[in-house]
>>> print(open('protein-v8.cif').read())   # mmCIF, C-alpha atoms and all ligand atoms
data_coords
loop_
_atom_site.label_atom_id
_atom_site.label_comp_id
_atom_site.auth_asym_id
_atom_site.auth_seq_id
_atom_site.Cartn_x
_atom_site.Cartn_y
_atom_site.Cartn_z
CA MET A 1 170.23 205.89 -65.31
CA LYS A 2 172.21 202.86 -66.38
CA TRP A 3 170.81 199.42 -65.76
CA SER A 4 172.57 196.14 -65.41
CA GLU A 5 170.70 193.06 -66.53
CA ILE A 6 171.62 190.04 -64.46
CA CYS A 7 170.59 186.72 -65.99
CA ILE A 8 170.58 183.49 -64.00
CA HIS A 9 170.19 180.21 -65.86
CA THR A 10 168.49 177.81 -63.50
CA THR A 11 165.63 175.32 -63.07
CA GLU A 12 161.88 175.62 -62.77
CA GLU A 13 161.86 174.79 -59.06
CA ALA A 14 164.30 177.61 -58.31
CA ILE A 15 162.21 180.34 -60.02
CA ASP A 16 160.28 181.47 -56.93
CA PRO A 17 163.12 181.58 -54.41
CA ILE A 18 165.46 183.30 -56.90
CA THR A 19 162.79 185.85 -57.83
CA ASN A 20 162.39 186.65 -54.12
CA ILE A 21 166.11 187.09 -53.69
CA LEU A 22 166.26 189.48 -56.64
CA TYR A 23 163.37 191.63 -55.42
CA GLU A 24 164.82 191.78 -51.93
CA ALA A 25 168.11 192.91 -53.43
CA GLY A 26 166.29 195.89 -54.95
CA ALA A 27 165.61 194.70 -58.51
CA GLY A 28 163.29 197.00 -60.38
CA GLY A 29 161.76 194.08 -62.27
CA VAL A 30 162.13 190.35 -62.88
CA VAL A 31 161.49 188.52 -66.16
CA ILE A 32 161.17 184.74 -66.45
CA GLU A 33 161.98 182.92 -69.68
CA ASP A 34 161.03 179.29 -69.23
CA SER A 35 161.85 176.83 -72.05
CA MET A 36 158.75 174.82 -71.01
CA ASP A 37 156.54 177.76 -71.99
CA LEU A 38 157.31 177.04 -75.64
CA GLN A 39 155.78 173.60 -75.32
CA LYS A 40 152.55 174.72 -73.71
CA GLU A 41 149.57 175.97 -75.63
CA TRP A 42 148.48 179.44 -74.58
CA PRO A 43 144.87 180.06 -75.57
CA SER A 44 143.97 183.72 -75.13
CA GLU A 45 140.59 185.09 -74.13
CA HIS A 46 139.59 185.18 -77.78
CA GLY A 47 140.60 181.66 -78.59
CA GLU A 48 143.75 182.32 -80.62
CA ILE A 49 147.07 180.78 -79.63
CA TYR A 50 149.85 183.08 -78.55
CA SER A 51 152.89 182.62 -80.66
CA LEU A 52 156.05 182.76 -78.64
CA ASP A 53 159.35 183.41 -80.31
CA PRO A 54 161.83 180.60 -79.50
CA LYS A 55 164.65 183.14 -79.87
CA ASP A 56 163.46 184.72 -76.61
CA TYR A 57 163.78 181.48 -74.66
CA PRO A 58 166.61 179.28 -73.46
CA ALA A 59 166.93 175.86 -75.18
CA GLU A 60 166.41 174.19 -71.81
CA GLY A 61 165.94 175.28 -68.23
CA VAL A 62 164.88 178.76 -67.20
CA ASN A 63 166.38 182.23 -67.45
CA VAL A 64 165.52 184.52 -64.57
CA LYS A 65 166.47 188.09 -65.48
CA ALA A 66 166.46 191.12 -63.28
CA TYR A 67 167.29 194.76 -63.78
CA LEU A 68 169.46 196.48 -61.21
CA PRO A 69 170.37 200.15 -61.27
CA VAL A 70 174.11 200.66 -61.83
CA ASN A 71 175.35 202.54 -58.78
CA SER A 72 178.00 202.31 -56.12
CA PHE A 73 176.10 199.51 -54.36
CA LEU A 74 176.03 197.19 -57.39
CA GLY A 75 179.18 195.19 -56.61
CA GLU A 76 178.03 194.32 -53.12
CA THR A 77 174.47 193.66 -54.26
CA VAL A 78 175.66 191.12 -56.83
CA GLU A 79 177.84 189.34 -54.26
CA GLU A 80 174.85 189.22 -51.92
CA ILE A 81 172.64 187.78 -54.69
CA LYS A 82 175.19 185.06 -55.56
CA GLN A 83 175.57 184.11 -51.92
CA SER A 84 171.81 183.93 -51.31
CA ILE A 85 171.28 181.80 -54.43
CA ASN A 86 174.05 179.40 -53.40
CA ASN A 87 172.46 179.15 -49.96
CA LEU A 88 169.35 177.65 -51.61
CA LEU A 89 171.39 174.45 -52.00
CA LEU A 90 171.08 174.05 -48.23
CA TYR A 91 167.33 173.63 -48.78
CA ASP A 92 167.92 170.96 -51.45
CA ILE A 93 166.74 173.22 -54.26
CA ASP A 94 168.13 172.13 -57.63
CA LEU A 95 169.83 175.18 -59.17
CA GLY A 96 170.68 173.51 -62.50
CA ASP A 97 173.85 175.00 -63.98
CA ASN A 98 173.33 178.22 -61.92
CA GLN A 99 175.12 180.42 -64.45
CA LEU A 100 175.17 184.17 -63.95
CA SER A 101 175.73 186.62 -66.78
CA PHE A 102 175.52 190.40 -67.05
CA SER A 103 174.87 193.02 -69.63
CA GLU A 104 174.62 196.77 -69.25
CA HIS A 105 172.02 198.94 -70.88
CA ASN A 106 172.36 202.65 -71.08
CA GLU A 107 169.52 205.05 -70.92
CA GLU A 108 169.37 205.80 -74.64
CA GLU A 109 169.12 202.11 -75.56
CA TRP A 110 166.42 201.57 -73.08
CA SER A 111 164.69 204.81 -73.79
CA THR A 112 161.67 204.46 -71.60
CA ALA A 113 161.46 200.65 -71.59
CA TRP A 114 162.77 200.35 -68.02
CA LYS A 115 160.00 202.54 -66.75
CA LYS A 116 157.58 199.65 -66.82
CA TYR A 117 159.56 197.97 -64.06
CA TYR A 118 158.95 200.81 -61.60
CA LYS A 119 155.84 200.36 -59.56
CA PRO A 120 154.55 202.31 -56.57
CA VAL A 121 156.04 200.90 -53.35
CA THR A 122 154.86 201.33 -49.79
CA ILE A 123 157.57 201.77 -47.20
CA GLY A 124 157.22 201.71 -43.44
CA LYS A 125 153.91 202.86 -41.99
CA GLN A 126 153.49 206.20 -43.70
CA ILE A 127 155.25 206.51 -47.07
CA THR A 128 154.32 205.40 -50.59
CA ILE A 129 156.70 206.21 -53.42
CA THR A 130 155.37 206.28 -56.94
CA PRO A 131 157.11 207.06 -60.23
CA THR A 132 155.83 210.32 -61.72
CA TRP A 133 154.46 208.60 -64.81
CA VAL A 134 152.11 206.33 -62.84
CA ASP A 135 148.73 207.82 -62.02
CA TYR A 136 148.68 206.64 -58.44
CA ARG A 137 145.74 207.33 -56.19
CA SER A 138 145.87 206.31 -52.61
CA ASP A 139 142.75 205.14 -50.85
CA LYS A 140 144.63 205.31 -47.54
CA LYS A 141 144.57 208.85 -46.21
CA ASP A 142 147.29 208.16 -43.64
CA ARG A 143 150.04 207.60 -46.24
CA HIS A 144 152.21 210.35 -47.66
CA VAL A 145 152.67 209.87 -51.38
CA ILE A 146 156.04 210.86 -52.85
CA GLU A 147 156.35 211.23 -56.61
CA LEU A 148 159.81 210.54 -57.96
CA ASP A 149 161.45 210.95 -61.31
CA PRO A 150 164.69 209.04 -60.76
CA GLY A 151 166.32 210.13 -64.04
CA MET A 152 170.05 209.44 -63.76
CA ALA A 153 170.34 209.68 -59.95
CA PHE A 154 170.24 206.92 -57.35
CA GLY A 155 167.22 206.56 -55.12
CA THR A 156 163.98 205.04 -56.35
CA GLY A 157 163.06 204.07 -52.84
CA THR A 158 163.23 200.33 -53.52
CA HIS A 159 166.82 199.69 -52.45
CA PRO A 160 166.99 198.00 -49.01
CA THR A 161 169.44 200.66 -47.75
CA THR A 162 166.95 203.42 -48.63
CA VAL A 163 164.06 201.51 -47.05
CA LEU A 164 166.05 201.21 -43.81
CA CYS A 165 166.58 204.99 -43.75
CA ILE A 166 162.90 205.75 -44.26
CA GLU A 167 161.96 203.31 -41.49
CA ALA A 168 164.54 204.96 -39.22
CA LEU A 169 163.20 208.45 -40.04
CA GLU A 170 159.72 207.26 -39.06
CA ARG A 171 160.98 205.87 -35.79
CA PHE A 172 163.62 208.32 -34.67
CA MET A 173 163.03 211.74 -36.23
CA PRO A 174 161.53 214.24 -33.77
CA HIS A 175 158.64 216.32 -35.11
CA GLY A 176 159.81 219.73 -36.31
CA ALA A 177 163.41 218.50 -36.64
CA SER A 178 166.14 220.10 -38.74
CA VAL A 179 167.68 217.37 -40.90
CA LEU A 180 170.82 217.09 -43.03
CA ASP A 181 170.59 214.49 -45.84
CA VAL A 182 174.12 213.61 -46.96
CA GLY A 183 174.24 211.92 -50.39
CA THR A 184 170.68 212.79 -51.34
CA GLY A 185 170.62 211.20 -54.85
CA THR A 186 167.07 211.76 -56.11
CA GLY A 187 166.23 213.55 -52.86
CA VAL A 188 164.09 210.61 -51.70
CA LEU A 189 165.14 210.82 -48.03
CA ALA A 190 165.03 214.62 -47.81
CA ILE A 191 161.50 214.60 -49.25
CA SER A 192 160.49 211.75 -46.91
CA ALA A 193 161.81 213.73 -43.90
CA ALA A 194 159.80 216.79 -44.99
CA LYS A 195 156.62 214.71 -45.44
CA LEU A 196 157.17 213.08 -42.04
CA GLY A 197 157.22 216.46 -40.30
CA ALA A 198 160.73 217.94 -40.45
CA ASP A 199 160.76 221.75 -40.32
CA ARG A 200 163.94 222.21 -42.33
CA VAL A 201 166.03 219.86 -44.49
CA LEU A 202 169.37 220.53 -46.16
CA ALA A 203 170.11 217.93 -48.85
CA VAL A 204 173.64 217.67 -50.25
CA ASP A 205 175.32 215.51 -52.87
CA ILE A 206 178.77 215.59 -54.40
CA ASP A 207 177.33 214.79 -57.83
CA GLN A 208 175.79 217.68 -59.78
CA VAL A 209 173.43 215.31 -61.64
CA ALA A 210 172.00 214.16 -58.31
CA VAL A 211 171.63 217.77 -57.14
CA GLN A 212 169.58 218.61 -60.23
CA SER A 213 167.47 215.48 -59.86
CA ALA A 214 166.80 216.24 -56.17
CA GLN A 215 165.88 219.84 -56.97
CA LEU A 216 163.35 218.64 -59.54
CA ASN A 217 161.83 216.07 -57.18
CA VAL A 218 161.62 218.58 -54.32
CA LYS A 219 159.52 220.82 -56.56
CA LEU A 220 157.40 217.92 -57.85
CA ASN A 221 156.53 217.16 -54.25
CA LYS A 222 155.99 220.82 -53.31
CA VAL A 223 158.38 220.78 -50.36
CA GLN A 224 160.70 223.54 -51.63
CA ASN A 225 159.82 225.70 -48.61
CA ILE A 226 161.31 222.98 -46.35
CA VAL A 227 164.05 221.31 -48.42
CA GLN A 228 167.09 223.10 -49.77
CA VAL A 229 169.47 221.21 -52.10
CA ARG A 230 173.09 222.00 -52.83
CA GLN A 231 176.28 220.42 -54.11
CA ASN A 232 178.66 219.61 -51.29
CA ASN A 233 181.21 217.06 -50.15
CA LEU A 234 179.93 215.39 -46.94
CA VAL A 235 179.70 218.04 -44.17
CA ASP A 236 182.36 220.44 -45.52
CA ASN A 237 181.53 223.99 -44.39
CA ILE A 238 178.03 223.04 -43.24
CA GLU A 239 176.75 225.34 -40.53
CA PRO A 240 176.08 223.41 -37.28
CA GLY A 241 172.79 223.02 -35.42
CA PHE A 242 171.03 219.95 -36.92
CA ASP A 243 168.87 217.56 -34.89
CA MET A 244 169.57 214.70 -37.29
CA ILE A 245 171.80 213.57 -40.15
CA VAL A 246 170.70 210.84 -42.54
CA GLY A 247 173.35 209.37 -44.82
CA ASN A 248 172.78 206.40 -47.10
CA LEU A 249 176.39 206.01 -48.19
CA LEU A 250 178.72 203.04 -48.35
CA ALA A 251 180.52 201.85 -45.17
CA GLU A 252 183.78 203.54 -46.25
CA ILE A 253 182.04 206.86 -46.81
CA VAL A 254 180.15 206.66 -43.51
CA VAL A 255 183.56 206.22 -41.83
CA ARG A 256 184.78 209.35 -43.61
CA LEU A 257 181.63 211.20 -42.61
CA ALA A 258 182.37 210.41 -38.95
CA GLU A 259 186.05 211.33 -39.29
CA GLU A 260 185.33 214.56 -41.14
CA GLY A 261 183.03 216.06 -38.53
CA ALA A 262 179.47 214.66 -38.62
CA ALA A 263 179.24 215.17 -34.84
CA ALA A 264 180.26 218.82 -35.15
CA VAL A 265 177.18 219.76 -37.21
CA LEU A 266 174.74 218.06 -34.83
CA LYS A 267 173.27 219.52 -31.66
CA PRO A 268 174.28 217.64 -28.49
CA GLY A 269 172.10 214.51 -28.31
CA GLY A 270 171.45 214.74 -32.07
CA LEU A 271 171.12 211.53 -34.12
CA LEU A 272 172.95 210.13 -37.12
CA ILE A 273 171.21 207.51 -39.28
CA ALA A 274 174.05 205.83 -41.17
CA SER A 275 173.01 203.35 -43.89
CA GLY A 276 174.48 201.52 -46.87
CA ILE A 277 176.59 199.36 -44.56
CA ILE A 278 177.08 195.72 -45.50
CA GLN A 279 177.00 193.38 -42.45
CA THR A 280 180.66 192.42 -42.77
CA LYS A 281 181.73 196.07 -42.37
CA LYS A 282 179.44 196.90 -39.46
CA SER A 283 182.00 196.65 -36.67
CA GLU A 284 184.50 198.81 -38.57
CA VAL A 285 181.86 201.54 -38.92
CA LYS A 286 180.77 201.21 -35.28
CA GLU A 287 184.35 201.69 -34.18
CA ALA A 288 184.73 204.82 -36.29
CA LEU A 289 181.51 206.25 -34.87
CA ALA A 290 182.56 205.49 -31.27
CA GLY A 291 185.91 207.16 -31.94
CA HIS A 292 184.31 210.36 -33.24
CA GLY A 293 181.76 211.45 -30.66
CA PHE A 294 178.91 208.96 -31.18
CA GLN A 295 177.26 206.15 -29.28
CA VAL A 296 175.39 203.57 -31.39
CA ILE A 297 171.93 203.22 -29.81
CA ASP A 298 170.16 200.96 -32.29
CA GLU A 299 170.58 199.10 -35.55
CA LEU A 300 168.07 198.10 -38.20
CA THR A 301 168.79 195.31 -40.68
CA ARG A 302 167.42 194.13 -44.01
CA LYS A 303 169.06 191.20 -45.74
CA ASP A 304 172.81 191.85 -45.56
CA TRP A 305 172.43 195.59 -45.03
CA VAL A 306 172.56 197.50 -41.75
CA ALA A 307 171.58 201.02 -40.73
CA LEU A 308 173.15 202.27 -37.52
CA ILE A 309 171.42 204.84 -35.32
CA ALA A 310 174.08 206.79 -33.43
CA LYS A 311 173.64 209.52 -30.87
CA LYS A 312 176.04 212.41 -30.45
CA HIS A 313 177.42 212.49 -26.89
CA ARG A 314 175.93 215.25 -24.81
CA GLY A 315 178.49 217.93 -24.21
CA GLY A 316 180.34 216.57 -27.27
N1 LIG A 401 169.85 209.09 -50.44
C1 LIG A 401 169.52 208.31 -51.62
C2 LIG A 401 170.73 208.04 -52.49
C3 LIG A 401 171.83 207.21 -51.87
S1 LIG A 401 173.14 206.79 -53.03
C4 LIG A 401 168.84 207.02 -51.18
O1 LIG A 401 168.86 206.72 -49.99
O2 LIG A 401 168.28 206.30 -51.99
C5 LIG A 401 174.51 207.65 -52.37
C6 LIG A 401 174.63 209.09 -52.84
O3 LIG A 401 175.74 209.66 -52.14
C7 LIG A 401 174.95 209.26 -54.32
O4 LIG A 401 174.01 210.14 -54.93
C8 LIG A 401 176.37 209.86 -54.35
O5 LIG A 401 176.57 210.82 -55.39
C9 LIG A 401 176.44 210.54 -52.98
N2 LIG A 401 177.82 210.72 -52.45
C10 LIG A 401 178.86 209.86 -52.53
N3 LIG A 401 179.97 210.40 -51.94
C11 LIG A 401 179.58 211.62 -51.45
C12 LIG A 401 180.30 212.66 -50.74
N4 LIG A 401 181.57 212.53 -50.43
N5 LIG A 401 179.60 213.78 -50.40
C13 LIG A 401 178.29 213.92 -50.74
N6 LIG A 401 177.59 212.97 -51.42
C14 LIG A 401 178.22 211.84 -51.77
#
>>> encode(input="protein-v8.cif", output="structure tokens", more="lines below")
Ligand code: SAH
Amino acid sequence: MKWSEICIHTTEEAIDPITNILYEAGAGGVVIEDSMDLQKEWPSEHGEIYSLDPKDYPAEGVNVKAYLPVNSFLGETVEEIKQSINNLLLYDIDLGDNQLSFSEHNEEEWSTAWKKYYKPVTIGKQITITPTWVDYRSDKKDRHVIELDPGMAFGTGTHPTTVLCIEALERFMPHGASVLDVGTGTGVLAISAAKLGADRVLAVDIDQVAVQSAQLNVKLNKVQNIVQVRQNNLVDNIEPGFDMIVGNLLAEIVVRLAEEGAAAVLKPGGLLIASGIIQTKKSEVKEALAGHGFQVIDELTRKDWVALIAKKHRGG
């Protein structure tokens, strides 16, 4: 997986609100480099003073750095972050020079360094996602634990668009459902559907790397008797008869999914959970759904992202 480091040069008072914004935007980790830290004395438990390297710190002000996975959502996520930070001015928060800079890190450079930024996350009422390398033990019996090795594919579970899908699966998926996961990435939604009681899940992705990653994660989570993974473009040649489709794709691709026959693979009354839609494109997507056999019955939102729940017309 490639990671983009976003660095915001700001002030001490803006650290907390900016950190919140970055986590809500799906950052895997946030690092704070505060020039004031160099002037403090840091006695450790054993009495020695930590020596901090001035090279790691800005000359003045604070650097807030976050690591975002490079994927098709990155452009919109960055716009959303900039907008939210600028909105802090409305609350009279001093942003200092508010400079944003980026650098990309590829997997080899990072080796395993990025892994430390992945932590187990709890989503909705029933799911906890933990990276495979963390020895996670749940004390809560009512949570399903999903182990994920994200590798090069998208879908660690932390992105707001993924969280919306898992919440929608919890709320809208009938027990024993047959589910089609379009754009499965790591397989996170297909595995969640299986853990939440689906009888059969078909997970497809156009990208062979994602297919391999999903296949691995399906086995890690021992749901291979429920989840089948294959390479496919949207719903091309998919046999009909699903109770539900879940697709965490961008707005443009959700529109294509509707145009290219999502309704045809669902049973009458079946549901489509369409996520990855930025607020500004919601009405465009709603129109496409209405024009292709669906009625939008609910919408869930998180920050600037929307997931639409659409029902296939009966008799459609
Ligand atoms: N379902 C995961 C990943 C979402 S990212 C999650 O919710 O976290 C979107 C995924 O859709 C990517 O893996 C991308 O390869 C896939 N995708 C994009 N266009 C597609 C298409 N036309 N057909 C199938 N999959 C597609």
>>> residues_near_ligand(input="protein-v8.cif", ligand="ligand LIG 401 (chain A)", cutoff="8 Å", atoms="only C-alpha atoms and all ligand atoms", output="tab-separated table (two decimals) with C-alpha atoms, in the frame of the given file")
chain	number	residue	atom	x	y	z
A	71	ASN	CA	175.35	202.54	-58.78
A	72	SER	CA	178.00	202.31	-56.12
A	73	PHE	CA	176.10	199.51	-54.36
A	153	ALA	CA	170.34	209.68	-59.95
A	154	PHE	CA	170.24	206.92	-57.35
A	155	GLY	CA	167.22	206.56	-55.12
A	156	THR	CA	163.98	205.04	-56.35
A	157	GLY	CA	163.06	204.07	-52.84
A	158	THR	CA	163.23	200.33	-53.52
A	159	HIS	CA	166.82	199.69	-52.45
A	161	THR	CA	169.44	200.66	-47.75
A	162	THR	CA	166.95	203.42	-48.63
A	163	VAL	CA	164.06	201.51	-47.05
A	165	CYS	CA	166.58	204.99	-43.75
A	181	ASP	CA	170.59	214.49	-45.84
A	182	VAL	CA	174.12	213.61	-46.96
A	183	GLY	CA	174.24	211.92	-50.39
A	184	THR	CA	170.68	212.79	-51.34
A	185	GLY	CA	170.62	211.20	-54.85
A	186	THR	CA	167.07	211.76	-56.11
A	187	GLY	CA	166.23	213.55	-52.86
A	188	VAL	CA	164.09	210.61	-51.70
A	189	LEU	CA	165.14	210.82	-48.03
A	190	ALA	CA	165.03	214.62	-47.81
A	204	VAL	CA	173.64	217.67	-50.25
A	205	ASP	CA	175.32	215.51	-52.87
A	206	ILE	CA	178.77	215.59	-54.40
A	207	ASP	CA	177.33	214.79	-57.83
A	210	ALA	CA	172.00	214.16	-58.31
A	231	GLN	CA	176.28	220.42	-54.11
A	232	ASN	CA	178.66	219.61	-51.29
A	233	ASN	CA	181.21	217.06	-50.15
A	234	LEU	CA	179.93	215.39	-46.94
A	235	VAL	CA	179.70	218.04	-44.17
A	247	GLY	CA	173.35	209.37	-44.82
A	248	ASN	CA	172.78	206.40	-47.10
A	249	LEU	CA	176.39	206.01	-48.19
A	250	LEU	CA	178.72	203.04	-48.35
A	253	ILE	CA	182.04	206.86	-46.81
A	257	LEU	CA	181.63	211.20	-42.61
>>> closest_residue(input="protein-v8.cif", among="A:Pro268, A:Pro120, A:Pro150, A:Pro69", to="Asn217 in chain A", atoms="only C-alpha atoms")
A:Pro150
>>> residues_near_point(input="protein-v8.cif", point="(149.7, 209.3, -50.4)", cutoff="10 Å", atoms="all atoms listed in the file", output="JSON, numbers by chain")
{"A": [122, 126, 127, 128, 129, 130, 136, 137, 138, 139, 140, 141, 142, 143, 144, 145, 146, 147]}
>>> closest_residue(input="protein-v8.cif", among="A:Leu308, A:Pro240, A:Thr132, A:Glu259", to="Leu272 in chain A", atoms="only C-alpha atoms")
A:Leu308
>>> residues_around(input="protein-v8.cif", residues="Ala25 in chain A", least_positions_apart="3", cutoff="8 Å", atoms="only C-alpha atoms", output="PyMOL selection string")
chain A and resi 21-22+77+80-81+159-160+303
>>> closest_residue(input="protein-v8.cif", among="A:Asn225, A:Ser275, A:Asn87, A:Ser35", to="Pro17 in chain A", atoms="all atoms listed in the file")
A:Asn87
>>> atom_distance(input="protein-v8.cif", atom1="CA of Ala59 in chain A", atom2="CA of Cys7 in chain A")
14.7 Å
>>> residues_around(input="protein-v8.cif", residues="Val201 in chain A", least_positions_apart="3", cutoff="12 Å", atoms="all atoms listed in the file", output="PDB file with C-alpha atoms, in the coordinates of the input")
ATOM      1  CA  MET A 173     163.030 211.740 -36.230  1.00  0.00           C
ATOM      2  CA  GLY A 176     159.810 219.730 -36.310  1.00  0.00           C
ATOM      3  CA  ALA A 177     163.410 218.500 -36.640  1.00  0.00           C
ATOM      4  CA  SER A 178     166.140 220.100 -38.740  1.00  0.00           C
ATOM      5  CA  VAL A 179     167.680 217.370 -40.900  1.00  0.00           C
ATOM      6  CA  LEU A 180     170.820 217.090 -43.030  1.00  0.00           C
ATOM      7  CA  ASP A 181     170.590 214.490 -45.840  1.00  0.00           C
ATOM      8  CA  VAL A 182     174.120 213.610 -46.960  1.00  0.00           C
ATOM      9  CA  THR A 184     170.680 212.790 -51.340  1.00  0.00           C
ATOM     10  CA  GLY A 187     166.230 213.550 -52.860  1.00  0.00           C
ATOM     11  CA  VAL A 188     164.090 210.610 -51.700  1.00  0.00           C
ATOM     12  CA  LEU A 189     165.140 210.820 -48.030  1.00  0.00           C
ATOM     13  CA  ALA A 190     165.030 214.620 -47.810  1.00  0.00           C
ATOM     14  CA  ILE A 191     161.500 214.600 -49.250  1.00  0.00           C
ATOM     15  CA  SER A 192     160.490 211.750 -46.910  1.00  0.00           C
ATOM     16  CA  ALA A 193     161.810 213.730 -43.900  1.00  0.00           C
ATOM     17  CA  ALA A 194     159.800 216.790 -44.990  1.00  0.00           C
ATOM     18  CA  LYS A 195     156.620 214.710 -45.440  1.00  0.00           C
ATOM     19  CA  LEU A 196     157.170 213.080 -42.040  1.00  0.00           C
ATOM     20  CA  GLY A 197     157.220 216.460 -40.300  1.00  0.00           C
ATOM     21  CA  ALA A 198     160.730 217.940 -40.450  1.00  0.00           C
ATOM     22  CA  VAL A 204     173.640 217.670 -50.250  1.00  0.00           C
ATOM     23  CA  VAL A 218     161.620 218.580 -54.320  1.00  0.00           C
ATOM     24  CA  VAL A 223     158.380 220.780 -50.360  1.00  0.00           C
ATOM     25  CA  GLN A 224     160.700 223.540 -51.630  1.00  0.00           C
ATOM     26  CA  ASN A 225     159.820 225.700 -48.610  1.00  0.00           C
ATOM     27  CA  ILE A 226     161.310 222.980 -46.350  1.00  0.00           C
ATOM     28  CA  VAL A 227     164.050 221.310 -48.420  1.00  0.00           C
ATOM     29  CA  GLN A 228     167.090 223.100 -49.770  1.00  0.00           C
ATOM     30  CA  VAL A 229     169.470 221.210 -52.100  1.00  0.00           C
ATOM     31  CA  ARG A 230     173.090 222.000 -52.830  1.00  0.00           C
ATOM     32  CA  GLY A 241     172.790 223.020 -35.420  1.00  0.00           C
ATOM     33  CA  PHE A 242     171.030 219.950 -36.920  1.00  0.00           C
ATOM     34  CA  ASP A 243     168.870 217.560 -34.890  1.00  0.00           C
ATOM     35  CA  MET A 244     169.570 214.700 -37.290  1.00  0.00           C
ATOM     36  CA  ILE A 245     171.800 213.570 -40.150  1.00  0.00           C
ATOM     37  CA  VAL A 246     170.700 210.840 -42.540  1.00  0.00           C
TER      38      VAL A 246
END
>>> atom_distance(input="protein-v8.cif", atom1="CA of Asp298 in chain A", atom2="CA of Glu24 in chain A")
22.3 Å
